[in-house]
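Raw contents of target.pdb, PDB, C-alpha atoms and all ligand atoms:
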```pdb
ATOM      1  CA  MET A   1      -4.578  15.061  20.493
ATOM      2  CA  PRO A   2      -4.180  11.494  19.217
ATOM      3  CA  LYS A   3      -0.722   9.975  19.499
ATOM      4  CA  ARG A   4       1.378  10.793  16.445
ATOM      5  CA  VAL A   5       1.837   8.103  13.776
ATOM      6  CA  ARG A   6       5.545   7.828  12.971
ATOM      7  CA  THR A   7       5.867   4.266  11.671
ATOM      8  CA  ALA A   8       4.519   2.631   8.522
ATOM      9  CA  VAL A   9       4.477  -1.082   7.794
ATOM     10  CA  PHE A  10       4.799  -2.456   4.253
ATOM     11  CA  PRO A  11       4.001  -6.165   3.867
ATOM     12  CA  VAL A  12       6.168  -7.290   0.949
ATOM     13  CA  ALA A  13       6.487 -11.029   1.533
ATOM     14  CA  GLY A  14       3.812 -12.159  -0.969
ATOM     15  CA  LEU A  15       4.821 -14.656  -3.648
ATOM     16  CA  GLY A  16       3.292 -12.751  -6.565
ATOM     17  CA  THR A  17       1.977 -15.888  -8.254
ATOM     18  CA  ARG A  18      -0.451 -13.855 -10.379
ATOM     19  CA  PHE A  19       2.489 -12.299 -12.239
ATOM     20  CA  LEU A  20       4.560 -15.385 -13.014
ATOM     21  CA  PRO A  21       6.961 -15.734 -14.722
ATOM     22  CA  ALA A  22       7.859 -12.038 -14.136
ATOM     23  CA  THR A  23       7.941 -12.637 -10.383
ATOM     24  CA  LYS A  24       9.839 -15.924 -10.361
ATOM     25  CA  ALA A  25      13.112 -14.315  -9.278
ATOM     26  CA  MET A  26      11.983 -10.695  -8.843
ATOM     27  CA  PRO A  27       9.668  -9.431  -6.085
ATOM     28  CA  LYS A  28       6.284  -8.294  -7.387
ATOM     29  CA  GLU A  29       6.754  -5.036  -5.485
ATOM     30  CA  MET A  30       9.519  -4.177  -7.972
ATOM     31  CA  LEU A  31       7.175  -4.338 -10.983
ATOM     32  CA  THR A  32       6.980  -0.846 -12.413
ATOM     33  CA  VAL A  33       4.185   1.556 -13.147
ATOM     34  CA  VAL A  34       5.924   3.534 -15.902
ATOM     35  CA  ASP A  35       9.424   3.722 -14.370
ATOM     36  CA  ARG A  36       8.831   3.531 -10.630
ATOM     37  CA  PRO A  37       8.506   0.270  -8.694
ATOM     38  CA  LEU A  38       5.198  -0.315  -6.898
ATOM     39  CA  ILE A  39       6.984  -0.167  -3.537
ATOM     40  CA  GLN A  40       8.341   3.287  -4.334
ATOM     41  CA  TYR A  41       4.802   4.665  -4.761
ATOM     42  CA  ALA A  42       3.833   3.358  -1.322
ATOM     43  CA  VAL A  43       6.995   4.713   0.304
ATOM     44  CA  ASP A  44       6.510   8.132  -1.320
ATOM     45  CA  GLU A  45       2.934   8.213  -0.058
ATOM     46  CA  ALA A  46       4.038   7.361   3.494
ATOM     47  CA  ARG A  47       6.775  10.000   3.508
ATOM     48  CA  GLU A  48       4.343  12.613   2.189
ATOM     49  CA  ALA A  49       2.084  11.775   5.160
ATOM     50  CA  GLY A  50       4.925  12.481   7.619
ATOM     51  CA  ILE A  51       6.045   8.899   8.294
ATOM     52  CA  GLU A  52       9.603   8.663   9.650
ATOM     53  CA  HIS A  53      10.153   4.939  10.153
ATOM     54  CA  LEU A  54       9.530   2.459   7.329
ATOM     55  CA  VAL A  55       9.154  -1.185   8.332
ATOM     56  CA  PHE A  56       9.246  -3.788   5.565
ATOM     57  CA  VAL A  57       7.977  -7.285   6.256
ATOM     58  CA  THR A  58       9.884  -9.291   3.665
ATOM     59  CA  GLY A  59      10.341 -12.927   2.713
ATOM     60  CA  ARG A  60      12.688 -15.036   0.632
ATOM     61  CA  ASN A  61      13.924 -13.497  -2.659
ATOM     62  CA  LYS A  62      13.110  -9.958  -1.544
ATOM     63  CA  GLY A  63      16.663  -8.670  -1.063
ATOM     64  CA  VAL A  64      16.306  -6.363  -4.065
ATOM     65  CA  ILE A  65      13.796  -4.255  -2.135
ATOM     66  CA  GLU A  66      16.400  -3.624   0.551
ATOM     67  CA  ASP A  67      18.941  -2.708  -2.153
ATOM     68  CA  HIS A  68      16.434  -0.395  -3.808
ATOM     69  CA  PHE A  69      16.330   1.749  -0.668
ATOM     70  CA  ASP A  70      20.102   1.872  -0.333
ATOM     71  CA  ARG A  71      22.690   4.179  -1.917
ATOM     72  CA  GLN A  72      24.199   2.957  -5.194
ATOM     73  CA  TYR A  73      27.566   4.674  -5.228
ATOM     74  CA  GLU A  74      28.734   3.381  -8.601
ATOM     75  CA  LEU A  75      25.537   4.517 -10.289
ATOM     76  CA  GLU A  76      25.549   7.884  -8.518
ATOM     77  CA  HIS A  77      29.164   8.447  -9.532
ATOM     78  CA  THR A  78      28.436   7.589 -13.178
ATOM     79  CA  LEU A  79      25.427   9.937 -13.280
ATOM     80  CA  GLU A  80      27.572  12.693 -11.794
ATOM     81  CA  VAL A  81      30.422  12.189 -14.246
ATOM     82  CA  ARG A  82      27.954  12.236 -17.143
ATOM     83  CA  GLY A  83      26.372  15.444 -15.864
ATOM     84  CA  LYS A  84      22.950  13.826 -15.339
ATOM     85  CA  THR A  85      22.273  16.017 -12.336
ATOM     86  CA  GLN A  86      18.485  15.865 -12.588
ATOM     87  CA  ALA A  87      18.393  12.031 -12.579
ATOM     88  CA  LEU A  88      20.857  11.991  -9.683
ATOM     89  CA  ALA A  89      18.819  14.472  -7.641
ATOM     90  CA  GLU A  90      15.653  12.444  -8.243
ATOM     91  CA  LEU A  91      17.321   9.210  -7.127
ATOM     92  CA  GLN A  92      18.480  10.870  -3.949
ATOM     93  CA  MET A  93      15.036  12.308  -3.244
ATOM     94  CA  ASP A  94      13.438   8.851  -3.481
ATOM     95  CA  LEU A  95      15.685   7.541  -0.729
ATOM     96  CA  PRO A  96      14.663   7.492   2.937
ATOM     97  CA  SER A  97      17.361   8.875   5.248
ATOM     98  CA  ALA A  98      19.911   6.651   6.969
ATOM     99  CA  GLY A  99      18.362   4.644   9.775
ATOM    100  CA  GLN A 100      14.755   5.207   8.696
ATOM    101  CA  THR A 101      14.211   1.702   7.302
ATOM    102  CA  SER A 102      13.850  -1.604   9.131
ATOM    103  CA  PHE A 103      13.402  -5.070   7.691
ATOM    104  CA  THR A 104      11.909  -8.137   9.286
ATOM    105  CA  ARG A 105      10.836 -11.456   7.832
ATOM    106  CA  GLN A 106       7.593 -13.293   7.544
ATOM    107  CA  GLN A 107       9.011 -16.797   7.439
ATOM    108  CA  GLU A 108       5.860 -18.491   6.153
ATOM    109  CA  PRO A 109       3.078 -17.095   3.915
ATOM    110  CA  LEU A 110       0.279 -17.371   6.486
ATOM    111  CA  GLY A 111      -1.739 -14.323   5.452
ATOM    112  CA  LEU A 112      -1.829 -10.544   5.739
ATOM    113  CA  GLY A 113      -2.746 -10.627   9.437
ATOM    114  CA  HIS A 114       0.320 -12.743  10.134
ATOM    115  CA  ALA A 115       2.564 -10.429   8.073
ATOM    116  CA  VAL A 116       1.392  -7.425  10.102
ATOM    117  CA  TRP A 117       1.916  -9.346  13.346
ATOM    118  CA  CYS A 118       5.537  -9.991  12.289
ATOM    119  CA  ALA A 119       6.138  -6.218  12.591
ATOM    120  CA  ARG A 120       5.011  -6.021  16.242
ATOM    121  CA  GLU A 121       8.461  -5.716  17.824
ATOM    122  CA  LEU A 122       9.538  -3.004  15.391
ATOM    123  CA  VAL A 123       6.313  -1.014  15.790
ATOM    124  CA  GLY A 124       6.017  -1.323  19.579
ATOM    125  CA  ALA A 125       3.093   0.156  21.525
ATOM    126  CA  HIS A 126       2.341   2.961  19.082
ATOM    127  CA  PRO A 127      -0.254   3.607  16.400
ATOM    128  CA  PHE A 128       1.071   2.805  12.943
ATOM    129  CA  ALA A 129       0.174   3.099   9.278
ATOM    130  CA  LEU A 130      -0.115   0.068   7.040
ATOM    131  CA  LEU A 131       0.282   0.314   3.268
ATOM    132  CA  LEU A 132      -0.254  -2.589   0.880
ATOM    133  CA  PRO A 133       2.093  -1.807  -2.023
ATOM    134  CA  ASP A 134      -0.009  -3.635  -4.662
ATOM    135  CA  MET A 135      -2.486  -0.821  -4.341
ATOM    136  CA  VAL A 136      -1.307   2.295  -6.187
ATOM    137  CA  PHE A 137      -3.326   5.495  -5.965
ATOM    138  CA  LYS A 138      -3.851   8.498  -8.136
ATOM    139  CA  ALA A 139      -4.695  11.008  -5.431
ATOM    140  CA  LYS A 140      -3.611  14.476  -4.406
ATOM    141  CA  PRO A 141      -2.793  14.814  -1.585
ATOM    142  CA  GLY A 142      -1.878  11.149  -1.188
ATOM    143  CA  VAL A 143      -4.433   8.834   0.400
ATOM    144  CA  LEU A 144      -2.447   8.263   3.600
ATOM    145  CA  LYS A 145      -2.056  12.035   4.038
ATOM    146  CA  GLN A 146      -5.837  12.464   3.662
ATOM    147  CA  MET A 147      -6.374   9.726   6.246
ATOM    148  CA  MET A 148      -3.770  11.225   8.568
ATOM    149  CA  ASP A 149      -5.623  14.552   8.499
ATOM    150  CA  ALA A 150      -8.794  12.738   9.596
ATOM    151  CA  TYR A 151      -6.841  10.762  12.240
ATOM    152  CA  GLU A 152      -5.388  13.906  13.774
ATOM    153  CA  GLU A 153      -8.940  15.066  14.494
ATOM    154  CA  ILE A 154     -10.586  11.824  15.572
ATOM    155  CA  GLY A 155      -7.845   9.336  16.550
ATOM    156  CA  GLY A 156      -8.663   5.634  16.809
ATOM    157  CA  ASN A 157      -8.344   3.420  13.760
ATOM    158  CA  VAL A 158      -8.799   4.799  10.249
ATOM    159  CA  ILE A 159      -9.330   2.827   7.046
ATOM    160  CA  GLY A 160      -9.265   4.100   3.475
ATOM    161  CA  VAL A 161     -12.283   2.924   1.478
ATOM    162  CA  GLU A 162     -13.489   3.267  -2.081
ATOM    163  CA  GLU A 163     -16.545   2.071  -3.989
ATOM    164  CA  VAL A 164     -16.181  -1.145  -5.940
ATOM    165  CA  HIS A 165     -18.419  -2.788  -8.514
ATOM    166  CA  PRO A 166     -20.762  -5.162  -6.626
ATOM    167  CA  ALA A 167     -19.446  -8.116  -8.650
ATOM    168  CA  GLU A 168     -15.974  -7.535  -7.196
ATOM    169  CA  VAL A 169     -16.786  -7.398  -3.484
ATOM    170  CA  SER A 170     -15.644 -11.002  -3.035
ATOM    171  CA  SER A 171     -12.041  -9.968  -3.867
ATOM    172  CA  TYR A 172     -11.693  -7.514  -0.975
ATOM    173  CA  GLY A 173     -12.462  -6.611   2.626
ATOM    174  CA  ILE A 174     -15.827  -4.796   2.754
ATOM    175  CA  VAL A 175     -16.985  -2.408   5.483
ATOM    176  CA  ALA A 176     -20.431  -1.750   6.933
ATOM    177  CA  ARG A 177     -21.166   1.944   6.955
ATOM    178  CA  GLY A 178     -22.519   3.621  10.069
ATOM    179  CA  GLU A 179     -23.164   7.275  10.818
ATOM    180  CA  GLY A 180     -21.243  10.306   9.675
ATOM    181  CA  PRO A 181     -20.894  12.262   6.473
ATOM    182  CA  ASP A 182     -18.156  11.722   3.884
ATOM    183  CA  PRO A 183     -15.243  11.648   3.972
ATOM    184  CA  GLY A 184     -15.076  10.249   7.523
ATOM    185  CA  PHE A 185     -17.859   7.921   8.704
ATOM    186  CA  ARG A 186     -18.125   5.362  11.453
ATOM    187  CA  ILE A 187     -17.448   1.769  10.421
ATOM    188  CA  THR A 188     -19.742  -0.642  12.242
ATOM    189  CA  GLY A 189     -18.365  -3.915  10.934
ATOM    190  CA  MET A 190     -16.276  -5.524   8.233
ATOM    191  CA  VAL A 191     -15.990  -8.804   6.442
ATOM    192  CA  GLU A 192     -13.215 -10.317   4.363
ATOM    193  CA  LYS A 193     -14.078 -11.361   0.809
ATOM    194  CA  PRO A 194     -17.852 -11.815   1.270
ATOM    195  CA  ASP A 195     -20.179 -13.359  -1.297
ATOM    196  CA  PRO A 196     -21.896 -10.477  -3.124
ATOM    197  CA  GLU A 197     -25.237 -11.252  -1.452
ATOM    198  CA  ASP A 198     -23.663 -11.039   2.038
ATOM    199  CA  ALA A 199     -21.641  -7.852   1.470
ATOM    200  CA  PRO A 200     -22.669  -5.092   3.907
ATOM    201  CA  SER A 201     -21.905  -2.360   1.324
ATOM    202  CA  ASN A 202     -19.874  -1.757  -1.833
ATOM    203  CA  LEU A 203     -17.149   0.097   0.074
ATOM    204  CA  PHE A 204     -13.936  -1.866   0.004
ATOM    205  CA  ILE A 205     -10.771  -1.644   2.057
ATOM    206  CA  SER A 206      -8.287  -0.422  -0.507
ATOM    207  CA  GLY A 207      -5.017  -1.106   1.278
ATOM    208  CA  ARG A 208      -4.369   1.891   3.539
ATOM    209  CA  TYR A 209      -4.856   1.703   7.301
ATOM    210  CA  ILE A 210      -3.982   3.601  10.484
ATOM    211  CA  LEU A 211      -4.152   1.105  13.323
ATOM    212  CA  GLN A 212      -3.790   1.099  17.086
ATOM    213  CA  PRO A 213      -1.228  -1.324  18.555
ATOM    214  CA  GLU A 214      -3.908  -3.391  20.353
ATOM    215  CA  ILE A 215      -4.392  -5.135  16.991
ATOM    216  CA  PHE A 216      -1.196  -7.137  17.640
ATOM    217  CA  ALA A 217      -2.618  -9.010  20.649
ATOM    218  CA  LEU A 218      -5.606 -10.067  18.541
ATOM    219  CA  LEU A 219      -3.382 -11.139  15.656
ATOM    220  CA  SER A 220      -1.236 -13.216  17.999
ATOM    221  CA  GLU A 221      -4.174 -15.610  18.410
ATOM    222  CA  GLN A 222      -3.451 -16.630  14.804
ATOM    223  CA  THR A 223      -7.028 -17.615  14.025
ATOM    224  CA  LYS A 224      -7.466 -18.596  10.385
ATOM    225  CA  GLY A 225     -10.205 -16.974   8.290
ATOM    226  CA  ALA A 226     -11.092 -16.603   4.600
ATOM    227  CA  GLY A 227      -8.894 -18.741   2.334
ATOM    228  CA  GLY A 228      -7.363 -20.492   5.380
ATOM    229  CA  GLU A 229      -5.224 -17.393   6.051
ATOM    230  CA  ILE A 230      -4.736 -15.286   9.180
ATOM    231  CA  GLN A 231      -6.779 -12.260   8.152
ATOM    232  CA  LEU A 232      -6.238  -8.705   9.337
ATOM    233  CA  THR A 233      -9.905  -7.937   8.682
ATOM    234  CA  ASP A 234     -10.974 -10.587  11.226
ATOM    235  CA  ALA A 235      -8.764  -9.057  13.939
ATOM    236  CA  MET A 236     -10.110  -5.570  13.140
ATOM    237  CA  GLN A 237     -13.659  -6.921  13.351
ATOM    238  CA  ILE A 238     -12.893  -7.920  16.970
ATOM    239  CA  LEU A 239     -11.089  -4.669  17.818
ATOM    240  CA  ILE A 240     -14.122  -2.696  16.637
ATOM    241  CA  ARG A 241     -15.966  -3.856  19.780
ATOM    242  CA  THR A 242     -13.679  -1.703  21.940
ATOM    243  CA  GLN A 243     -12.202   0.940  19.621
ATOM    244  CA  THR A 244     -13.546   3.274  16.945
ATOM    245  CA  PHE A 245     -12.946   2.635  13.265
ATOM    246  CA  THR A 246     -13.475   5.475  10.830
ATOM    247  CA  GLY A 247     -13.803   4.960   7.098
ATOM    248  CA  VAL A 248     -12.254   7.672   4.977
ATOM    249  CA  LYS A 249     -13.687   7.887   1.471
ATOM    250  CA  TYR A 250     -10.720   9.720   0.065
ATOM    251  CA  GLU A 251     -10.433  11.904  -3.041
ATOM    252  CA  GLY A 252      -8.751   9.892  -5.782
ATOM    253  CA  ARG A 253      -8.800   6.336  -7.039
ATOM    254  CA  VAL A 254      -6.928   3.115  -6.605
ATOM    255  CA  PHE A 255      -5.365   0.788  -9.165
ATOM    256  CA  ASP A 256      -5.141  -2.766  -7.902
ATOM    257  CA  CYS A 257      -1.738  -3.638  -9.330
ATOM    258  CA  GLY A 258      -2.038  -7.135  -7.878
ATOM    259  CA  SER A 259      -4.314  -7.811 -10.850
ATOM    260  CA  LYS A 260      -3.121  -7.611 -14.448
ATOM    261  CA  ILE A 261      -5.906  -5.294 -15.553
ATOM    262  CA  GLY A 262      -5.294  -2.898 -12.657
ATOM    263  CA  PHE A 263      -1.560  -2.967 -13.319
ATOM    264  CA  LEU A 264      -1.906  -2.338 -17.069
ATOM    265  CA  THR A 265      -4.472   0.422 -16.549
ATOM    266  CA  ALA A 266      -2.227   2.107 -13.978
ATOM    267  CA  ASN A 267       0.620   2.113 -16.487
ATOM    268  CA  VAL A 268      -1.519   3.832 -19.112
ATOM    269  CA  VAL A 269      -3.084   6.339 -16.704
ATOM    270  CA  PHE A 270       0.207   7.294 -15.051
ATOM    271  CA  ALA A 271       1.985   7.567 -18.416
ATOM    272  CA  LEU A 272      -0.784   9.815 -19.762
ATOM    273  CA  ASP A 273      -0.058  12.091 -16.826
ATOM    274  CA  ARG A 274       3.631  12.399 -17.691
ATOM    275  CA  PRO A 275       4.576  15.411 -19.807
ATOM    276  CA  ASP A 276       7.485  13.475 -21.333
ATOM    277  CA  LEU A 277       5.260  10.586 -22.467
ATOM    278  CA  ALA A 278       1.641  11.689 -22.831
ATOM    279  CA  ALA A 279       1.664  13.027 -26.403
ATOM    280  CA  ASP A 280       3.576  10.058 -27.858
ATOM    281  CA  LEU A 281       1.513   7.502 -25.957
ATOM    282  CA  LYS A 282      -1.752   9.079 -27.125
ATOM    283  CA  ARG A 283      -0.528   8.929 -30.708
ATOM    284  CA  GLU A 284       0.391   5.238 -30.320
ATOM    285  CA  LEU A 285      -2.945   4.419 -28.704
ATOM    286  CA  ARG A 286      -4.854   6.188 -31.466
ATOM    287  CA  ALA A 287      -2.845   4.303 -34.077
ATOM    288  CA  LEU A 288      -3.995   1.018 -32.528
ATOM    289  CA  ASP A 289      -7.453   1.815 -33.906
ATOM    290  CA  LEU A 290      -9.266  -0.118 -31.196
ATOM    291  CA  GLY A 291     -12.693   0.365 -32.778
ATOM    292  CA  ASP A 292     -15.188   0.398 -29.892
TER
HETATM  293  C1  LIG A 301      -6.053  -7.692   1.454
HETATM  294  C2  LIG A 301      -7.039  -7.469   2.593
HETATM  295  C3  LIG A 301      -8.375  -6.975   2.033
HETATM  296  C4  LIG A 301      -8.161  -5.731   1.208
HETATM  297  C5  LIG A 301      -7.124  -6.008   0.111
HETATM  298  C6  LIG A 301      -6.768  -4.737  -0.637
HETATM  299  O1  LIG A 301      -6.488  -8.774   0.668
HETATM  300  O2  LIG A 301      -7.184  -8.672   3.306
HETATM  301  O3  LIG A 301      -9.255  -6.711   3.094
HETATM  302  O4  LIG A 301      -9.383  -5.313   0.627
HETATM  303  O5  LIG A 301      -5.907  -6.524   0.666
HETATM  304  O6  LIG A 301      -5.819  -5.040  -1.596
HETATM  305  P1  LIG A 301      -5.510  -9.532  -0.370
HETATM  306  O7  LIG A 301      -5.391  -8.625  -1.555
HETATM  307  O8  LIG A 301      -4.212  -9.721   0.340
HETATM  308  O9  LIG A 301      -6.196 -10.815  -0.712
END
```
Would you put the structure from the file into structure tokens?
Amino acid sequence: MPKRVRTAVFPVAGLGTRFLPATKAMPKEMLTVVDRPLIQYAVDEAREAGIEHLVFVTGRNKGVIEDHFDRQYELEHTLEVRGKTQALAELQMDLPSAGQTSFTRQQEPLGLGHAVWCARELVGAHPFALLLPDMVFKAKPGVLKQMMDAYEEIGGNVIGVEEVHPAEVSSYGIVARGEGPDPGFRITGMVEKPDPEDAPSNLFISGRYILQPEIFALLSEQTKGAGGEIQLTDAMQILIRTQTFTGVKYEGRVFDCGSKIGFLTANVVFALDRPDLAADLKRELRALDLGD
């Protein structure tokens, strides 16, 4: 039986420059898809997968994230007095229990690999999940849960992958596919943001990982890769020499909410799935008369 995964890491230190001015004073992880912040989707997904300890790697101006996962007594009291029991119950359900969250800081924006490395003391010598909150999924069960099911059978390192249009491979980490049927196949290599002609496949790393703690020693070498940043993909590409990596082509799809198109599409798709919004939104969209 592989060692149980209890901890999840959420890198939330990014500057969010693609969403300025919205993200000048507000963390990008607090942007909402319909009425839930991006970070809440990632936390919900981790809790659904059985995660008990949530580690946030934050940076300057990210205090609101910590507040978001705290009690808000004044608000709770007001909801109670006004008889809004449903809203109150939902708020309480979204909240991890006392002592389940930890916060550490990435003091400089040196890349995803560096952000993950900043969590090493909080994670310790255990396997852990990693969720990039920009990436929001429509999937049932959640993508991390699907990966966890695969992990419990095979152990090692597990990476969620999805097909991407060949023109977009240079925006992501891309894996080389080895043997094994879907959904779990052996990964034989990976490369960060390749040119389309060098990409080993069109399967991209969509922001969900289960990793073994040996990754931290490799990250501590702080070697810079694509874009001059310390890349997680480069450390995984070294770890693959001694440990197995399985790609899980999960059921569902991702919305890259780090891009405006992904973010806007996610808002429409998630709203169309909401009984309280779908009919009205459809009517508004039809009234736009978009032609083609
Ligand atoms: C990071 C990873 C990349 C992955 C992507 C998913 O890139 O380095 O491998 O495909 O997240 O969002 P970033 O988006 O930080 O440039």
Residues of chain A that have any atom at most 7 Å from an atom of ligand LIG 301 (chain A): could you tabulate them with the shortest-distance atom pair and the distance in Å to one decimal, using all atoms listed in the file, ordered by chain and increasing number, as a Markdown table?
```
| residue | atom | partner | partner_atom | distance |
| --- | --- | --- | --- | --- |
| A:Leu112 | CA | A:LIG301 | O8 | 6.0 |
| A:Leu132 | CA | A:LIG301 | O6 | 6.6 |
| A:Asp134 | CA | A:LIG301 | O6 | 6.7 |
| A:Met135 | CA | A:LIG301 | O6 | 6.0 |
| A:Ser171 | CA | A:LIG301 | O9 | 6.7 |
| A:Tyr172 | CA | A:LIG301 | O4 | 3.6 |
| A:Gly173 | CA | A:LIG301 | O3 | 3.2 |
| A:Ile174 | CA | A:LIG301 | O4 | 6.8 |
| A:Glu192 | CA | A:LIG301 | O3 | 5.5 |
| A:Phe204 | CA | A:LIG301 | O4 | 5.7 |
| A:Ile205 | CA | A:LIG301 | O4 | 4.2 |
| A:Ser206 | CA | A:LIG301 | C6 | 4.6 |
| A:Gly207 | CA | A:LIG301 | C6 | 4.5 |
| A:Gln231 | CA | A:LIG301 | O2 | 6.0 |
| A:Leu232 | CA | A:LIG301 | O2 | 6.1 |
| A:Thr233 | CA | A:LIG301 | O3 | 5.8 |
| A:Asp256 | CA | A:LIG301 | O6 | 6.7 |
```
**OP:** Have a look at CA of Gly14 in chain A and CA of Thr104 in chain A and let me know their distance in Å, one decimal.
**Re:** 13.7 Å
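For Gln243 in chain A, the list of residues within 10 Å, based on all atoms listed in the file and with local chain neighbours fewer than 4 positions off taken out, reads A:Gly155, A:Gly156, A:Asn157, A:Gln212, A:Glu214, A:Met236, A:Ile238, A:Leu239.
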Original post:
Which is closer to Val33 in chain A than all the others in A:Glu284, A:Pro275, A:Ile187, A:Phe263, using all atoms listed in the file?
Top reply: A:Phe263
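The interatomic distance for the pair CA of Val268 in chain A and CA of Met93 in chain A works out to 24.4 Å.
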**OP:** Name the residues that the PyMOL selection byres (((chain A and resi 221-225) around 10) and not hetatm) picks from the file above, as a PyMOL selection string, using the file's chain letters and numbers.
**Re:** chain A and resi 110-111+113-114+117+192+216-220+226-235
**OP:** Could you check how far CA of Leu31 in chain A sits from CA of Arg253 in chain A, in Å to one decimal?
**Re:** 19.6 Å
**OP:** Between A:Leu288, A:Val116, A:Val254, A:Met30, single out the one closest to Phe128 in chain A, counting only C-alpha atoms.
**Re:**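 Checking each candidate against Phe128 in chain A, we get A:Val116 as the closest.
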Give me the residues of range 133-202 of chain A that have any atom at most 10 Å from an atom of range 43-46 of chain A; for each, the nearest atom pair and the distance in Å, rounded to one decimal. Use all atoms listed in the file, sort by chain and number, and format it as JSON lines.
```
{"residue": "A:Pro133", "atom": "CA", "partner": "A:Val43", "partner_atom": "CA", "distance": 8.5}
{"residue": "A:Val136", "atom": "CA", "partner": "A:Glu45", "partner_atom": "CA", "distance": 9.5}
{"residue": "A:Phe137", "atom": "CA", "partner": "A:Glu45", "partner_atom": "CA", "distance": 9.0}
{"residue": "A:Ala139", "atom": "CA", "partner": "A:Glu45", "partner_atom": "CA", "distance": 9.7}
{"residue": "A:Pro141", "atom": "CA", "partner": "A:Glu45", "partner_atom": "CA", "distance": 8.9}
{"residue": "A:Gly142", "atom": "CA", "partner": "A:Glu45", "partner_atom": "CA", "distance": 5.7}
{"residue": "A:Val143", "atom": "CA", "partner": "A:Glu45", "partner_atom": "CA", "distance": 7.4}
{"residue": "A:Leu144", "atom": "CA", "partner": "A:Glu45", "partner_atom": "CA", "distance": 6.5}
{"residue": "A:Lys145", "atom": "CA", "partner": "A:Glu45", "partner_atom": "CA", "distance": 7.5}
```
**OP:** Could you give me, as an MDAnalysis selection string, the residues within 12 Å of Pro127 in chain A, counting all atoms listed in the file and dropping anything in the same chain fewer than 2 positions from it?
**Re:** chainID A and resid 2:9 51 120 122:125 129:130 148 151:152 155:158 209:216
What does the file look like for those residues with C-alpha atoms, as an mmCIF file, in the coordinates of the input?
```
data_model
loop_
_atom_site.group_PDB
_atom_site.id
_atom_site.type_symbol
_atom_site.label_atom_id
_atom_site.label_comp_id
_atom_site.auth_asym_id
_atom_site.auth_seq_id
_atom_site.Cartn_x
_atom_site.Cartn_y
_atom_site.Cartn_z
ATOM 1 C CA PRO A 2 -4.180 11.494 19.217
ATOM 2 C CA LYS A 3 -0.722 9.975 19.499
ATOM 3 C CA ARG A 4 1.378 10.793 16.445
ATOM 4 C CA VAL A 5 1.837 8.103 13.776
ATOM 5 C CA ARG A 6 5.545 7.828 12.971
ATOM 6 C CA THR A 7 5.867 4.266 11.671
ATOM 7 C CA ALA A 8 4.519 2.631 8.522
ATOM 8 C CA VAL A 9 4.477 -1.082 7.794
ATOM 9 C CA ILE A 51 6.045 8.899 8.294
ATOM 10 C CA ARG A 120 5.011 -6.021 16.242
ATOM 11 C CA LEU A 122 9.538 -3.004 15.391
ATOM 12 C CA VAL A 123 6.313 -1.014 15.790
ATOM 13 C CA GLY A 124 6.017 -1.323 19.579
ATOM 14 C CA ALA A 125 3.093 0.156 21.525
ATOM 15 C CA ALA A 129 0.174 3.099 9.278
ATOM 16 C CA LEU A 130 -0.115 0.068 7.040
ATOM 17 C CA MET A 148 -3.770 11.225 8.568
ATOM 18 C CA TYR A 151 -6.841 10.762 12.240
ATOM 19 C CA GLU A 152 -5.388 13.906 13.774
ATOM 20 C CA GLY A 155 -7.845 9.336 16.550
ATOM 21 C CA GLY A 156 -8.663 5.634 16.809
ATOM 22 C CA ASN A 157 -8.344 3.420 13.760
ATOM 23 C CA VAL A 158 -8.799 4.799 10.249
ATOM 24 C CA TYR A 209 -4.856 1.703 7.301
ATOM 25 C CA ILE A 210 -3.982 3.601 10.484
ATOM 26 C CA LEU A 211 -4.152 1.105 13.323
ATOM 27 C CA GLN A 212 -3.790 1.099 17.086
ATOM 28 C CA PRO A 213 -1.228 -1.324 18.555
ATOM 29 C CA GLU A 214 -3.908 -3.391 20.353
ATOM 30 C CA ILE A 215 -4.392 -5.135 16.991
ATOM 31 C CA PHE A 216 -1.196 -7.137 17.640
#
```
Subject >> Nearest to Glu108 in chain A, chosen from A:Gly59, A:Gly189, A:Pro27, A:Pro194, with only C-alpha atoms counted in the distances >> reply: A:Gly59
**OP:** Identify which of the residues A:Val169, A:Leu290, A:Thr101, A:Asp198 lies closest to Glu52 in chain A, counting all atoms listed in the file when measuring atom-to-atom distances.
**Re:**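 Selected residue with least distance to Glu52 in chain A: A:Thr101.
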Subject >> Picked residues, the PyMOL selection byres (((chain A and resi 68) around 12) and not hetatm), expected as a list in words >> reply: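 On this input, the PyMOL selection byres (((chain A and resi 68) around 12) and not hetatm) captures Pro27, Glu29, Met30, Arg36, Pro37, Leu38, Ile39, Gln40, Val43, Lys62, Gly63, Val64, Ile65, Glu66, Asp67, Phe69, Asp70, Arg71, Gln72, Leu91, Gln92, Asp94, Leu95, Pro96 and Thr101 of chain A.
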**OP:** Decode the PyMOL selection byres (((chain A and resi 34) around 7) and not hetatm) for the given file into explicit residues and return them as an NGL selection string.
**Re:** :A and (32-33 or 35-36 or 267 or 270-271)
How about saving the chosen residues, C-alpha atoms kept, as a short mmCIF file (atom, residue, chain, number, x, y, z; two decimals), in the frame of the given file?
```
data_model
loop_
_atom_site.label_atom_id
_atom_site.label_comp_id
_atom_site.auth_asym_id
_atom_site.auth_seq_id
_atom_site.Cartn_x
_atom_site.Cartn_y
_atom_site.Cartn_z
CA THR A 32 6.98 -0.85 -12.41
CA VAL A 33 4.18 1.56 -13.15
CA ASP A 35 9.42 3.72 -14.37
CA ARG A 36 8.83 3.53 -10.63
CA ASN A 267 0.62 2.11 -16.49
CA PHE A 270 0.21 7.29 -15.05
CA ALA A 271 1.98 7.57 -18.42
#
```
Subject >> Nearby residues (only C-alpha atoms) at most 10 Å from Ile154 in chain A, same-chain spacing under 5 positions excluded, as a list in words >> reply: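 Residues meeting the cut-off are Met1, Pro2, Met148, Asp149, Gly184, Thr244, Phe245 and Thr246 of chain A.
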